[in-house]
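Colleague: Take a look at this one; I'll ask things after.
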Amino acid sequence: MITKDFLISVLSHCKIIHHTHGRLRLRVSSKIKDEFENLGDENLKNINLNKLDEMIKNINGINNVKFNRVIGSITIEYDKKEFDKDFWHDIIEFKKVDNFLLKINEKAKELL
């Protein structure tokens, strides 16, 4: 299970660099690697970026997720009927992450 503290910790390394309705690009600090290397929770140690990627991709309304590890970016293509632009800004600003966390953990149960 991904905890709210963990999700907020990961999101703290993300910054919106471009956002059109239906496509979001985030810059990810290289320090995010530390979040995965220093996990104290045994359940979270089993989550890597690929599993996180799969969990996000499988949320209804997420069409595609691309991690570019070379330049440190994430591109999320989403159904604008399912998610409005403010939804993503709220998550990146640590507002209303509970609903997104619930969706990720539902998918985590299916994939683990």
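As shown in the structure tokens, the chain order sets the letters A, B, ...; within each chain, residues go from 1, and ligands are also counted from 1 in the order they appear.
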Give me the residues near segment 80-87 of chain A as an mmCIF file with N, CA, C and O atoms, in the first residue's frame, where near means some atom within 10 Å (using only C-alpha atoms) and where sequence neighbours in that chain fewer than 4 positions away do not count.

Modeller:
```cif
data_model
loop_
_atom_site.group_PDB
_atom_site.id
_atom_site.type_symbol
_atom_site.label_atom_id
_atom_site.label_comp_id
_atom_site.auth_asym_id
_atom_site.auth_seq_id
_atom_site.Cartn_x
_atom_site.Cartn_y
_atom_site.Cartn_z
ATOM 1 N N HIS A 19 1.251 21.976 -19.238
ATOM 2 C CA HIS A 19 -0.043 21.328 -19.022
ATOM 3 C C HIS A 19 -1.075 21.881 -19.984
ATOM 4 O O HIS A 19 -1.395 23.063 -19.955
ATOM 5 N N THR A 20 -1.528 21.037 -20.874
ATOM 6 C CA THR A 20 -2.685 21.340 -21.697
ATOM 7 C C THR A 20 -3.761 20.368 -21.253
ATOM 8 O O THR A 20 -3.457 19.320 -20.676
ATOM 9 N N HIS A 21 -5.002 20.709 -21.494
ATOM 10 C CA HIS A 21 -6.074 19.839 -21.026
ATOM 11 C C HIS A 21 -5.970 18.490 -21.718
ATOM 12 O O HIS A 21 -6.115 18.389 -22.926
ATOM 13 N N GLY A 22 -5.637 17.461 -20.961
ATOM 14 C CA GLY A 22 -5.478 16.121 -21.497
ATOM 15 C C GLY A 22 -4.046 15.627 -21.492
ATOM 16 O O GLY A 22 -3.788 14.436 -21.679
ATOM 17 N N ARG A 23 -3.084 16.525 -21.249
ATOM 18 C CA ARG A 23 -1.671 16.132 -21.255
ATOM 19 C C ARG A 23 -0.906 16.959 -20.229
ATOM 20 O O ARG A 23 -0.928 18.185 -20.258
ATOM 21 N N LEU A 24 -0.232 16.261 -19.326
ATOM 22 C CA LEU A 24 0.516 16.900 -18.239
ATOM 23 C C LEU A 24 1.965 16.435 -18.292
ATOM 24 O O LEU A 24 2.234 15.237 -18.411
ATOM 25 N N ASN A 60 -8.663 4.347 -14.296
ATOM 26 C CA ASN A 60 -9.636 4.729 -15.308
ATOM 27 C C ASN A 60 -9.496 6.221 -15.616
ATOM 28 O O ASN A 60 -9.545 7.044 -14.708
ATOM 29 N N GLY A 61 -9.298 6.562 -16.860
ATOM 30 C CA GLY A 61 -9.152 7.961 -17.263
ATOM 31 C C GLY A 61 -7.712 8.346 -17.564
ATOM 32 O O GLY A 61 -7.463 9.403 -18.127
ATOM 33 N N ILE A 62 -6.755 7.487 -17.192
ATOM 34 C CA ILE A 62 -5.350 7.718 -17.539
ATOM 35 C C ILE A 62 -5.087 6.924 -18.817
ATOM 36 O O ILE A 62 -5.206 5.710 -18.858
ATOM 37 N N ILE A 91 -3.319 17.945 -6.895
ATOM 38 C CA ILE A 91 -2.471 16.836 -6.450
ATOM 39 C C ILE A 91 -1.023 17.290 -6.294
ATOM 40 O O ILE A 91 -0.386 17.013 -5.283
ATOM 41 N N ILE A 92 -0.497 17.994 -7.276
ATOM 42 C CA ILE A 92 0.894 18.445 -7.220
ATOM 43 C C ILE A 92 1.110 19.422 -6.068
ATOM 44 O O ILE A 92 2.191 19.477 -5.483
ATOM 45 N N LYS A 95 -2.997 19.043 -2.405
ATOM 46 C CA LYS A 95 -4.396 19.197 -2.038
ATOM 47 C C LYS A 95 -5.160 18.011 -2.615
ATOM 48 O O LYS A 95 -4.870 17.557 -3.712
ATOM 49 N N LYS A 96 -6.098 17.524 -1.887
ATOM 50 C CA LYS A 96 -7.011 16.481 -2.379
ATOM 51 C C LYS A 96 -6.287 15.250 -2.932
ATOM 52 O O LYS A 96 -6.676 14.689 -3.954
ATOM 53 N N VAL A 97 -5.227 14.820 -2.273
ATOM 54 C CA VAL A 97 -4.504 13.641 -2.749
ATOM 55 C C VAL A 97 -5.183 12.341 -2.323
ATOM 56 O O VAL A 97 -4.897 11.283 -2.873
ATOM 57 N N PHE A 100 -6.921 10.408 -5.206
ATOM 58 C CA PHE A 100 -5.931 9.837 -6.111
ATOM 59 C C PHE A 100 -5.228 8.660 -5.441
ATOM 60 O O PHE A 100 -5.005 7.615 -6.055
#
```

Colleague: Find the residues around Ile74 of chain A up to 12 Å (only C-alpha atoms counted), leave out those fewer than 3 positions away in its own chain, and share them as a ChimeraX atom specification.

Modeller: /A:11,13-19,23-29,49,52-53,56,64-71,77

Colleague: Separation of atom CA of Leu102 of chain A and atom CA of Tyr78 of chain A, in Å?

Modeller: 17.5 Å

Colleague: Rounded to one decimal in Å, what is the spacing between atom CA of Asn58 of chain A and atom CA of Asp98 of chain A?

Modeller: 17.3 Å

Colleague: Can you list, as a list in words, every protein, DNA or RNA residue that comes within 7 Å of Val10 of chain A when you count only C-alpha atoms, leaving out same-chain residues fewer than 3 positions away?

Modeller: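 Non-adjacent residues within range: Phe6, Leu7, His13, Ile32 and Glu35 of chain A.
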
Colleague: Let's have the selection written as an mmCIF file, in the first residue's frame, with C-alpha atoms.

Modeller:
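Final file, again_33.cif:
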```cif
data_model
loop_
_atom_site.group_PDB
_atom_site.id
_atom_site.type_symbol
_atom_site.label_atom_id
_atom_site.label_comp_id
_atom_site.auth_asym_id
_atom_site.auth_seq_id
_atom_site.Cartn_x
_atom_site.Cartn_y
_atom_site.Cartn_z
ATOM 1 C CA PHE A 6 4.867 8.569 0.701
ATOM 2 C CA LEU A 7 2.761 10.003 -2.137
ATOM 3 C CA HIS A 13 9.945 16.170 -6.180
ATOM 4 C CA ILE A 32 13.343 11.184 -5.986
ATOM 5 C CA GLU A 35 12.718 8.223 -1.687
#
```

Colleague: Kindly indicate which residue among A:Lys31, A:Lys103, A:Lys57, A:Lys4 lies nearest to Thr75 of chain A, using only C-alpha atoms for the distances.

Modeller: A:Lys57

Colleague: Enter the distance from atom CA of Thr3 of chain A to atom CA of Asn63 of chain A, in Å, rounded to one decimal.

Modeller: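 Spanning atom CA of Thr3 of chain A to atom CA of Asn63 of chain A is a straight-line distance of 23.8 Å.
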